[in-house]
Amino acid sequence: MAFPAQAAILADCVAPENLSIFQPASPAGESIVSLSMLVLAITGGILVVVGSVLLYCVFRFRVSSSDGKEPPQVYGSVPIEVAWTAAPAMIVFILVLVTTRTLWEVKIPEPQPATGDNTLFVTVVGRQWWWEYRYDYYNGRQLGFTTANELHMPVSAAGEPRRVYLKLKSADVCHSFWVPRLGGKTDLIPGRVNTMWLQTETPGLYLGQCAEYCGTQHANMLLNVIVESPEDFDRWLEQESAPALVNETVHRGRETFFRLSCVNCHAIRGTSARGTYAPDLTHLMSRQTLASGQIPNTRDNLRKWIHDPQAIKPGNLMPAFGLAERELDDVLSYLESLR
Amino acid sequence: MAIAEQQPDAVATLGWTGVLHEWTTTVDHKKIGILYVLMSLVFLVVAGLEAILMRCQLLVPRNDFLPPNTFNQLFTMHGTTMVFFVGMPILIGVGNYLVPLMIGARDMAFPRMNALGFWATLFGGILVYSSYATGGAPAIGWFAYAPLTERTFARSAATDLWALGLLVSGIGTLTSGINFIATILGMRAPGMTLRKIPFFPWTMLWTSVQIVFAIPPLTAALIMVLLDRNLGAHFFDTQNGGSAYLWQHLFWFFGHPEVYILVLPAFGMVSEVIPVFSRKVLFGYEFMAAATAAIAFISMGVWAHHMFAVGMSKTLDLYFAAASLLVSIPTGIKFFNWLATMYGGKIRFASPMLFAFGFLSMFLIGGLTGIMLAIAPFNFQLSDSYFVVGHFHWVLIGGTLFGLFSGLHYWYPKVTGRMLSERLAQWQFWLLLIGFMLTFGPMHISGVLGMPRRIYTYDANRGWEFWNQITTLGALIQVPSYALFVINITWSYFKGKPAGDDPWNAWTLEWATTSPPPSYNFEEIPHVRSRRPLWDLKYPDDPDWKYE
C-alpha cells in the first residue's frame, strides 16, 4: 500500500518537462541506463588513461628548439603491438556480452491478447505531424476506438505489471516514437509494422517527440503519454469507447460542422463524419492539448486553431476555411460539446 | 626558388585569359589538386554560413528567425555540402597533389580522367545548389529518407536536382578513386615496394578502395529515386508497394564507409606529420598499415548501426553492434602507435603538429562516443538525438578537419614555396579548438536531455535552452578561426617567408623536389630503398633500409 505515496513522491521529483534518458521510469529505460553507466565507466577509463599518456608525451617530450640531433629511432615492437591489440579486443568482448544481455531484456516479442493479462494493445500510426492511437485490446477485451495525440495507459504496481504493447505503423513517411523516460525509440516506417512496449510504476505525464525527420513540422510532432491508476484508466476507456455525446443546445454548430468539409478528414463516432485523414474528434475536449501537443486545449486556442491553423503550425495539412465569425463560434460550441 | 615566381610570370606572359585557360584545361595533378581544395574551401564557407543561420534560429526557444521549411532546407544543404562538396573533395584534392609526389611519379595514372573527376564534382555541386532556383532547396535531410523524396512529399524539382547533383559528383569521386588505385599500385618509384610506400598514400589507397565499393550503391539508389520521381517507378514509393527500408540500407551501405572515406586520409596526414615533428620514425608501420586495411574492410559491414531504431531483429542488432565495436580495435592500434611515435621524441609544436595534437585529443573523444553509439540498446536512446549530431561533428571536425588542417599547414610551403604565418596559425588553432568544443560538447548533453536532431524549434521548459545557447556561442567563436585561415593562406601566398625545398627537415619524396614542384615533379625519378628515402640521404651512415 506504500506504493501510491512513493510513486507520488517519485513523480514529484521529475518534472514532466525533464526528458533526460538518465531519469528512466520503465524497466527498459532502466536496463538501458545500467548498461550505459557501465559503458560510460569503461569509455571514461579509456579517456583518462589514453588522454594522460597523450598529455604526458606532449609535455615530457616537447622541445622549443632543436639541437640538430635526432632522437633514437624505434621502428616498432611486436609484443607491444600484440598487447595493445589484445587489450581493446577484451574490452570489446565484454561490451558485446553486456550488449547482448540488455538487448534481450529490452526487446520482447509481442504476446497475443488474452483475458486477464492486464495488458493493453495499441496501434500507433504516425502521420504528418500528429499521432493516431487505435486502442485494440485491454485485459483481453476488444476495444476498437481511435483517438489522437494523447496515449493513456495504466500504471503498473510492483508484482502487477500492466504492460502496453505498441504496434507502430506509418501512414506517410518515417517517424520515430521516443518518450525518453520510458525507454528507447522505435521508428514508424511505412510498409512495416514495428513493435515496442511500455511499462511504468510511476503515474504522471511523460513527454517526448518524433525523433525521425518527417517533413516541415517534425519539430512539433510532440508526444504525450498519460500514465494513470487502473481505475482512472478504466474510466477513461469507458468514456472514450462511447460514441459522441449529442447536445441539442449546439445543433447550429453541429449543422455548420457537417455542412463544411470538416467531415472529409475528421471522424466523430456515431455521426456521419467518417474522415480518416485527420485526428478523431469524438472526445476532443477530453484531450489536454491541440496540434499534437503544441498548445493547451483551451477555447481560445481552439478558436485560433480553427480560424487559421497555419498561423500556429505552418505547413500542417489543415487549411484555414475562412469561416465567418458566427460560423466560427457555432463550430467552436459544437466541438466544445465533444467531451 | 625560381619556380616560386612562376605564377606572377604566368600572368605576365599569358594574360588573365591565358591563365584561366591554363587552369580550366589543366591535367596536371598538382593544379587539379589545388582546384579541388579551393572549390572545397568555397563550399566550406557556404555550408558554414548555413550552420550559423541554423544556430541563430536555435538560440532561443520558439524563435521565428527562420520559417520551418527554410531551416529544414538549411540542414539538408549543410549536410550534403559538407560531406560531398567539402569533406571528400578536399581530401581527394590533397591526395591528388601529394600522392604522385610522395610515391615518386610524374602524374596520376589517368590525368584526363583526373580532370573529369574535378569538373564532375564541381558541376554536381552547382547542380545541387541550383535547386534554390526552383523556389527552395530540398528539405529532405542529407540522408533523404524515403518516402520523403517521392513526388508525393517533395513536389518541386529541387529533389531531382539534388539527386542529379550527387549522381554527377559521385561519378567524379568514383573516377578519382579508380585513379588513385591505379596510380598507387602502378606508378611507384623504382624500389618502392608496397611495403615501403609512405603512410599517406597508403591511406589514400584504402580510401579509394572504399570509394569504389561505396559510391556505386549510392549512385544506384539515386537513379532509383530519379526513376521513381520522373518515370513512375515504385522503388521507394511506399504508397505503391515500394520500400522505405530499402533506401535506408542502400544509403547507409554507402554512408558508413563514407565516414571512413572522410577520416582515413586524415589518419594518413597526421601519420606523416607526427613522425616529422617528433623526429622519430612512425612506430609499428606494418601494424598501422594492417589496421588501415582492417578498418576499410570492417567498415563495409557495419552500416546498419545507423538503423538500430528501425526495428531489426535482436540478432541483427547484435551483429551490427559487435561489428561496429570491432572497428575500435584497429582504430585503437593506430592511436597507440601515434602515441608511441611521440614517446621519446623531440616534439616541436609548429602549426602542423599543433593541429595533429588537436586531432589526437579530439578524435579520442569522438571515438569513445562512437563506442557508446555502437552499443545497440544505448543507441535506442541516443539515435537521432543531438548526441549523434555532437558525436559525428566531433569525429568529422575533431578528426577529419583537424587532421586536414595539420596536413594543409604541413604541405602549404611545398605547394606555394612560402611559409604560413605561425602566429595566425596558432590563433586559428586555439579559436577553432575552443569554439569547436563549445559548439559540439553541449550537443551531447542536449541529446541526453531528449532533444531530437533536425527540429527547427523547441519548447522553453525542456532544459535545452542553455546548452543550445552555448552551442551557438561556440559556432560564433569558430567563425574568426576559418577567416584567419583564409587570410593566412592568402597573405602568405604573397608575403610569406620563402620556404625552400624542405622546410620541416622531413623524409618523404615530395620534399626532395623544389617548392612548388615543377610540372614534371622530379628531374630524375628517384630510387627508393626505404620508407624514408630522405632520411637515408641525410644519414647515409645509419639508413632506414638497414632496419626495415
# chains A, B, ... in the order shown; residues from 1 in each chain; ligands from 1
$ closest_atom_pairs --of "chain A" --to "chain B" --cutoff "7 Å" --atoms "only C-alpha atoms" --output "JSON lines"
{"residue": "A:Glu17", "atom": "CA", "partner": "B:Arg462", "partner_atom": "CA", "distance": 5.1}
{"residue": "A:Asn18", "atom": "CA", "partner": "B:Arg462", "partner_atom": "CA", "distance": 6.0}
{"residue": "A:Leu19", "atom": "CA", "partner": "B:Gly450", "partner_atom": "CA", "distance": 5.1}
{"residue": "A:Ser20", "atom": "CA", "partner": "B:Leu449", "partner_atom": "CA", "distance": 4.0}
{"residue": "A:Ile21", "atom": "CA", "partner": "B:Val448", "partner_atom": "CA", "distance": 5.8}
{"residue": "A:Ile32", "atom": "CA", "partner": "B:Phe378", "partner_atom": "CA", "distance": 5.8}
{"residue": "A:Ser36", "atom": "CA", "partner": "B:Phe378", "partner_atom": "CA", "distance": 6.1}
{"residue": "A:Val39", "atom": "CA", "partner": "B:Met372", "partner_atom": "CA", "distance": 6.5}
{"residue": "A:Thr43", "atom": "CA", "partner": "B:Leu368", "partner_atom": "CA", "distance": 5.8}
{"residue": "A:Leu54", "atom": "CA", "partner": "B:Leu339", "partner_atom": "CA", "distance": 6.4}
{"residue": "A:Cys57", "atom": "CA", "partner": "B:Tyr343", "partner_atom": "CA", "distance": 5.6}
{"residue": "A:Phe61", "atom": "CA", "partner": "B:Lys346", "partner_atom": "CA", "distance": 5.5}
{"residue": "A:Arg62", "atom": "CA", "partner": "B:Ile347", "partner_atom": "CA", "distance": 4.5}
{"residue": "A:Val63", "atom": "CA", "partner": "B:Arg348", "partner_atom": "CA", "distance": 5.6}
{"residue": "A:Ser64", "atom": "CA", "partner": "B:Arg348", "partner_atom": "CA", "distance": 6.2}
{"residue": "A:Glu70", "atom": "CA", "partner": "B:Arg279", "partner_atom": "CA", "distance": 6.2}
{"residue": "A:Pro71", "atom": "CA", "partner": "B:Gly345", "partner_atom": "CA", "distance": 5.8}
{"residue": "A:Gln73", "atom": "CA", "partner": "B:Lys280", "partner_atom": "CA", "distance": 5.5}
{"residue": "A:Val74", "atom": "CA", "partner": "B:Phe283", "partner_atom": "CA", "distance": 6.6}
{"residue": "A:Tyr75", "atom": "CA", "partner": "B:Phe283", "partner_atom": "CA", "distance": 5.2}
{"residue": "A:Gly76", "atom": "CA", "partner": "B:Gly284", "partner_atom": "CA", "distance": 4.2}
{"residue": "A:Ser77", "atom": "CA", "partner": "B:Gly284", "partner_atom": "CA", "distance": 6.7}
{"residue": "A:Trp84", "atom": "CA", "partner": "B:Ile333", "partner_atom": "CA", "distance": 6.5}
{"residue": "A:Thr85", "atom": "CA", "partner": "B:Ile333", "partner_atom": "CA", "distance": 6.2}
{"residue": "A:Pro88", "atom": "CA", "partner": "B:Ile329", "partner_atom": "CA", "distance": 5.7}
{"residue": "A:Ala89", "atom": "CA", "partner": "B:Ile329", "partner_atom": "CA", "distance": 6.2}
{"residue": "A:Val92", "atom": "CA", "partner": "B:Leu325", "partner_atom": "CA", "distance": 6.1}
{"residue": "A:Val96", "atom": "CA", "partner": "B:Ala322", "partner_atom": "CA", "distance": 5.8}
{"residue": "A:Thr99", "atom": "CA", "partner": "B:Ile375", "partner_atom": "CA", "distance": 6.1}
{"residue": "A:Thr100", "atom": "CA", "partner": "B:Leu318", "partner_atom": "CA", "distance": 6.5}
{"residue": "A:Thr102", "atom": "CA", "partner": "B:Pro377", "partner_atom": "CA", "distance": 6.7}
{"residue": "A:Leu103", "atom": "CA", "partner": "B:Pro377", "partner_atom": "CA", "distance": 6.0}
{"residue": "A:Val173", "atom": "CA", "partner": "B:Pro147", "partner_atom": "CA", "distance": 5.6}
{"residue": "A:Pro180", "atom": "CA", "partner": "B:Gly450", "partner_atom": "CA", "distance": 6.1}
{"residue": "A:Gly183", "atom": "CA", "partner": "B:Gln381", "partner_atom": "CA", "distance": 6.9}
{"residue": "A:Gly184", "atom": "CA", "partner": "B:Gln381", "partner_atom": "CA", "distance": 4.3}
{"residue": "A:Lys185", "atom": "CA", "partner": "B:Phe380", "partner_atom": "CA", "distance": 5.3}
{"residue": "A:Thr186", "atom": "CA", "partner": "B:Ala309", "partner_atom": "CA", "distance": 4.8}
{"residue": "A:Asp187", "atom": "CA", "partner": "B:Val310", "partner_atom": "CA", "distance": 5.0}
{"residue": "A:Ile189", "atom": "CA", "partner": "B:Ala244", "partner_atom": "CA", "distance": 6.9}
{"residue": "A:Pro190", "atom": "CA", "partner": "B:Thr238", "partner_atom": "CA", "distance": 6.2}
{"residue": "A:Gly191", "atom": "CA", "partner": "B:Thr238", "partner_atom": "CA", "distance": 6.3}
{"residue": "A:Asn194", "atom": "CA", "partner": "B:Gly311", "partner_atom": "CA", "distance": 5.9}
{"residue": "A:Ala211", "atom": "CA", "partner": "B:Pro452", "partner_atom": "CA", "distance": 5.4}
{"residue": "A:Glu212", "atom": "CA", "partner": "B:Asp384", "partner_atom": "CA", "distance": 6.6}
{"residue": "A:Tyr213", "atom": "CA", "partner": "B:Arg454", "partner_atom": "CA", "distance": 6.3}
{"residue": "A:Thr216", "atom": "CA", "partner": "B:Asn69", "partner_atom": "CA", "distance": 5.5}
{"residue": "A:Gln217", "atom": "CA", "partner": "B:Pro68", "partner_atom": "CA", "distance": 7.0}
{"residue": "A:His218", "atom": "CA", "partner": "B:Ile455", "partner_atom": "CA", "distance": 6.3}
{"residue": "A:Ala219", "atom": "CA", "partner": "B:Ile455", "partner_atom": "CA", "distance": 4.3}
$ select_by_dssp --residues "segment 37-199 of chain A" --states "strand (DSSP E)" --output "PyMOL selection string"
chain A and resi 120-127+130-138+141-148+151-154+164-170+175-177+186-188+194-198
$ write_last_selection --atoms "N, CA and C atoms" --output "compact mmCIF listing (two decimals), in the first residue's frame"
# COMPACT_ATOMS: atom_id res chain seq x y z
N LEU A 120 -2.35 -3.91 -22.34
CA LEU A 120 -3.02 -3.02 -23.28
C LEU A 120 -2.32 -3.11 -24.63
N PHE A 121 -3.10 -3.22 -25.68
CA PHE A 121 -2.54 -3.26 -27.04
C PHE A 121 -3.04 -2.03 -27.80
N VAL A 122 -2.10 -1.26 -28.30
CA VAL A 122 -2.46 -0.04 -29.03
C VAL A 122 -1.71 -0.03 -30.35
N THR A 123 -2.41 0.34 -31.42
CA THR A 123 -1.74 0.57 -32.69
C THR A 123 -1.47 2.07 -32.82
N VAL A 124 -0.22 2.42 -33.04
CA VAL A 124 0.15 3.82 -33.19
C VAL A 124 0.42 4.08 -34.67
N VAL A 125 -0.25 5.07 -35.23
CA VAL A 125 0.00 5.41 -36.63
C VAL A 125 0.62 6.81 -36.66
N GLY A 126 1.83 6.88 -37.18
CA GLY A 126 2.48 8.18 -37.32
C GLY A 126 1.95 8.87 -38.56
N ARG A 127 1.62 10.14 -38.41
CA ARG A 127 1.10 10.92 -39.54
C ARG A 127 1.75 12.28 -39.52
N TRP A 130 1.18 14.35 -36.53
CA TRP A 130 0.44 14.03 -35.30
C TRP A 130 0.39 12.53 -35.14
N TRP A 131 -0.11 12.08 -34.01
CA TRP A 131 -0.13 10.65 -33.69
C TRP A 131 -1.55 10.14 -33.61
N GLU A 132 -1.82 9.04 -34.28
CA GLU A 132 -3.13 8.40 -34.16
C GLU A 132 -2.97 7.17 -33.28
N TYR A 133 -3.87 7.02 -32.30
CA TYR A 133 -3.83 5.85 -31.42
C TYR A 133 -5.10 5.04 -31.59
N ARG A 134 -4.92 3.78 -32.02
CA ARG A 134 -6.08 2.89 -32.12
C ARG A 134 -5.98 1.91 -30.97
N TYR A 135 -6.97 1.98 -30.07
CA TYR A 135 -6.95 1.08 -28.91
C TYR A 135 -7.54 -0.26 -29.33
N ASP A 136 -6.71 -1.32 -29.25
CA ASP A 136 -7.13 -2.62 -29.77
C ASP A 136 -7.70 -3.53 -28.68
N TYR A 137 -6.88 -3.85 -27.66
CA TYR A 137 -7.32 -4.78 -26.62
C TYR A 137 -6.85 -4.29 -25.26
N TYR A 138 -7.64 -4.56 -24.23
CA TYR A 138 -7.17 -4.37 -22.86
C TYR A 138 -7.70 -5.51 -22.03
N ARG A 141 -10.01 -7.82 -23.64
CA ARG A 141 -11.25 -7.29 -24.19
C ARG A 141 -10.94 -6.44 -25.43
N GLN A 142 -11.72 -6.65 -26.48
CA GLN A 142 -11.50 -5.86 -27.68
C GLN A 142 -12.04 -4.46 -27.49
N LEU A 143 -11.31 -3.44 -27.93
CA LEU A 143 -11.74 -2.07 -27.70
C LEU A 143 -12.23 -1.42 -28.99
N GLY A 144 -11.31 -1.15 -29.91
CA GLY A 144 -11.72 -0.66 -31.22
C GLY A 144 -12.14 0.79 -31.31
N PHE A 145 -11.55 1.67 -30.52
CA PHE A 145 -11.79 3.10 -30.76
C PHE A 145 -10.47 3.77 -31.11
N THR A 146 -10.62 4.96 -31.68
CA THR A 146 -9.45 5.68 -32.15
C THR A 146 -9.39 7.05 -31.49
N THR A 147 -8.21 7.45 -31.11
CA THR A 147 -8.05 8.79 -30.57
C THR A 147 -6.73 9.35 -31.07
N ALA A 148 -6.37 10.52 -30.60
CA ALA A 148 -5.18 11.15 -31.18
C ALA A 148 -4.34 11.87 -30.14
N LEU A 151 -1.60 9.43 -25.45
CA LEU A 151 -1.63 7.99 -25.17
C LEU A 151 -1.90 7.80 -23.67
N HIS A 152 -3.06 7.22 -23.36
CA HIS A 152 -3.36 6.92 -21.96
C HIS A 152 -2.98 5.48 -21.69
N MET A 153 -2.37 5.23 -20.54
CA MET A 153 -2.04 3.85 -20.18
C MET A 153 -2.12 3.69 -18.67
N PRO A 154 -2.38 2.45 -18.21
CA PRO A 154 -2.48 2.22 -16.77
C PRO A 154 -1.10 2.06 -16.14
N VAL A 164 2.05 -2.17 -21.88
CA VAL A 164 1.42 -1.67 -23.10
C VAL A 164 2.28 -2.11 -24.27
N TYR A 165 1.69 -2.82 -25.20
CA TYR A 165 2.40 -3.18 -26.43
C TYR A 165 1.91 -2.28 -27.54
N LEU A 166 2.88 -1.63 -28.19
CA LEU A 166 2.52 -0.72 -29.28
C LEU A 166 2.87 -1.37 -30.61
N LYS A 167 1.92 -1.34 -31.54
CA LYS A 167 2.20 -1.69 -32.93
C LYS A 167 2.43 -0.38 -33.64
N LEU A 168 3.60 -0.22 -34.23
CA LEU A 168 3.94 1.07 -34.81
C LEU A 168 3.84 1.04 -36.33
N LYS A 169 3.02 1.92 -36.88
CA LYS A 169 2.84 1.99 -38.33
C LYS A 169 2.94 3.43 -38.78
N SER A 170 3.07 3.63 -40.07
CA SER A 170 3.07 5.00 -40.57
C SER A 170 2.12 5.12 -41.74
N HIS A 175 8.60 8.05 -39.17
CA HIS A 175 8.59 8.80 -37.91
C HIS A 175 9.31 7.94 -36.87
N SER A 176 9.44 8.46 -35.65
CA SER A 176 10.02 7.63 -34.60
C SER A 176 9.39 7.98 -33.26
N PHE A 177 8.97 6.94 -32.55
CA PHE A 177 8.28 7.12 -31.26
C PHE A 177 9.32 7.16 -30.16
N THR A 186 11.63 3.74 -31.28
CA THR A 186 11.44 2.80 -32.39
C THR A 186 10.78 3.56 -33.53
N ASP A 187 11.27 3.31 -34.75
CA ASP A 187 10.77 4.03 -35.91
C ASP A 187 9.41 3.51 -36.35
N LEU A 188 8.63 4.40 -36.94
CA LEU A 188 7.39 4.03 -37.61
C LEU A 188 7.67 4.17 -39.10
N ASN A 194 6.30 -2.22 -36.73
CA ASN A 194 7.26 -2.39 -35.65
C ASN A 194 6.51 -2.52 -34.33
N THR A 195 7.19 -3.05 -33.33
CA THR A 195 6.54 -3.14 -32.02
C THR A 195 7.47 -2.57 -30.96
N MET A 196 6.88 -2.08 -29.91
CA MET A 196 7.65 -1.74 -28.71
C MET A 196 6.73 -1.86 -27.52
N TRP A 197 7.30 -1.83 -26.31
CA TRP A 197 6.44 -1.97 -25.14
C TRP A 197 6.80 -0.93 -24.09
N LEU A 198 5.78 -0.53 -23.33
CA LEU A 198 5.95 0.47 -22.28
C LEU A 198 5.44 -0.12 -20.98
$ residues_around --residues "segment 506-522 of chain B" --least-positions-apart "6" --cutoff "10 Å" --atoms "only C-alpha atoms" --output "PyMOL selection string"
chain B and resi 1-6+28-31+97-107+189+197-199+272-273+275-277+279+281+411-418+498-500+528+530-538
$ write_last_selection --atoms "C-alpha atoms" --output "mmCIF file, in the first residue's frame"
data_model
loop_
_atom_site.group_PDB
_atom_site.id
_atom_site.type_symbol
_atom_site.label_atom_id
_atom_site.label_comp_id
_atom_site.auth_asym_id
_atom_site.auth_seq_id
_atom_site.Cartn_x
_atom_site.Cartn_y
_atom_site.Cartn_z
ATOM 1 C CA MET B 1 63.199 29.415 -55.800
ATOM 2 C CA ALA B 2 62.941 30.498 -59.377
ATOM 3 C CA ILE B 3 59.894 28.338 -59.759
ATOM 4 C CA ALA B 4 58.170 30.033 -56.842
ATOM 5 C CA GLU B 5 57.847 33.109 -59.035
ATOM 6 C CA GLN B 6 56.104 31.159 -61.738
ATOM 7 C CA ASP B 28 48.405 18.414 -64.055
ATOM 8 C CA HIS B 29 47.643 16.581 -60.816
ATOM 9 C CA LYS B 30 49.007 19.484 -58.767
ATOM 10 C CA LYS B 31 46.814 22.100 -60.390
ATOM 11 C CA TYR B 97 48.553 16.939 -55.160
ATOM 12 C CA LEU B 98 50.649 14.714 -52.953
ATOM 13 C CA VAL B 99 50.240 11.076 -53.883
ATOM 14 C CA PRO B 100 52.257 11.257 -57.125
ATOM 15 C CA LEU B 101 54.917 13.377 -55.403
ATOM 16 C CA MET B 102 55.178 11.048 -52.431
ATOM 17 C CA ILE B 103 55.474 7.898 -54.496
ATOM 18 C CA GLY B 104 57.850 9.468 -56.994
ATOM 19 C CA ALA B 105 55.552 9.604 -60.030
ATOM 20 C CA ARG B 106 55.238 12.331 -62.633
ATOM 21 C CA ASP B 107 51.437 12.499 -62.519
ATOM 22 C CA ALA B 189 59.244 4.905 -57.989
ATOM 23 C CA ILE B 197 55.137 3.486 -49.529
ATOM 24 C CA PRO B 198 54.674 6.484 -47.244
ATOM 25 C CA PHE B 199 51.662 6.307 -44.981
ATOM 26 C CA GLU B 272 53.155 11.973 -41.843
ATOM 27 C CA VAL B 273 53.137 14.976 -39.518
ATOM 28 C CA PRO B 275 56.832 11.443 -37.045
ATOM 29 C CA VAL B 276 58.420 14.518 -38.656
ATOM 30 C CA PHE B 277 57.622 16.816 -35.747
ATOM 31 C CA ARG B 279 61.734 13.478 -35.127
ATOM 32 C CA VAL B 281 60.121 7.093 -37.464
ATOM 33 C CA TRP B 411 52.299 20.945 -47.126
ATOM 34 C CA TYR B 412 51.394 24.583 -47.828
ATOM 35 C CA PRO B 413 55.108 25.509 -48.118
ATOM 36 C CA LYS B 414 55.563 22.735 -50.694
ATOM 37 C CA VAL B 415 52.588 23.939 -52.749
ATOM 38 C CA THR B 416 53.325 27.672 -52.713
ATOM 39 C CA GLY B 417 57.006 27.876 -51.887
ATOM 40 C CA ARG B 418 56.165 30.088 -48.919
ATOM 41 C CA PRO B 498 60.317 31.662 -48.691
ATOM 42 C CA ALA B 499 60.141 28.028 -47.712
ATOM 43 C CA GLY B 500 62.917 26.286 -49.568
ATOM 44 C CA VAL B 528 63.963 4.292 -53.139
ATOM 45 C CA SER B 530 63.224 2.534 -47.517
ATOM 46 C CA ARG B 531 60.059 4.254 -46.246
ATOM 47 C CA ARG B 532 62.074 7.390 -45.518
ATOM 48 C CA PRO B 533 64.241 7.991 -48.598
ATOM 49 C CA LEU B 534 65.332 11.437 -47.401
ATOM 50 C CA TRP B 535 66.434 10.044 -44.065
ATOM 51 C CA ASP B 536 68.679 7.627 -45.970
ATOM 52 C CA LEU B 537 70.030 10.591 -47.899
ATOM 53 C CA LYS B 538 70.604 12.679 -44.771
#
$ residues_around --residues "segment 50-57 of chain B" --least-positions-apart "6" --cutoff "8 Å" --atoms "only C-alpha atoms" --output "PyMOL selection string"
chain B and resi 63-66+71+74-75+77-78+456-457+471-472+475-476
$ select_by_dssp --residues "segment 127-237 of chain A" --states "alpha helix (DSSP H)" --output "count of residues only"
8
$ residues_around --residues "segment 405-409 of chain B" --least-positions-apart "6" --cutoff "7 Å" --atoms "only C-alpha atoms" --output "PyMOL selection string"
chain B and resi 269-270+351-353+355-356
$ write_last_selection --atoms "N, CA and C atoms" --output "short mmCIF file (atom, residue, chain, number, x, y, z; two decimals), in the first residue's frame"
data_model
loop_
_atom_site.label_atom_id
_atom_site.label_comp_id
_atom_site.auth_asym_id
_atom_site.auth_seq_id
_atom_site.Cartn_x
_atom_site.Cartn_y
_atom_site.Cartn_z
N MET B 269 47.43 11.84 -43.03
CA MET B 269 48.13 13.13 -42.89
C MET B 269 48.84 13.22 -41.55
N VAL B 270 48.13 12.89 -40.47
CA VAL B 270 48.81 13.01 -39.17
C VAL B 270 49.90 11.95 -39.03
N SER B 351 52.78 24.71 -36.29
CA SER B 351 51.34 24.60 -36.53
C SER B 351 50.88 23.20 -36.99
N PRO B 352 51.62 22.51 -37.89
CA PRO B 352 51.09 21.19 -38.29
C PRO B 352 50.97 20.24 -37.10
N MET B 353 51.94 20.28 -36.20
CA MET B 353 51.92 19.37 -35.05
C MET B 353 50.84 19.79 -34.06
N PHE B 355 47.98 21.11 -34.83
CA PHE B 355 46.72 20.56 -35.33
C PHE B 355 46.68 19.05 -35.17
N ALA B 356 47.84 18.40 -35.30
CA ALA B 356 47.86 16.95 -35.10
C ALA B 356 47.53 16.62 -33.65
#
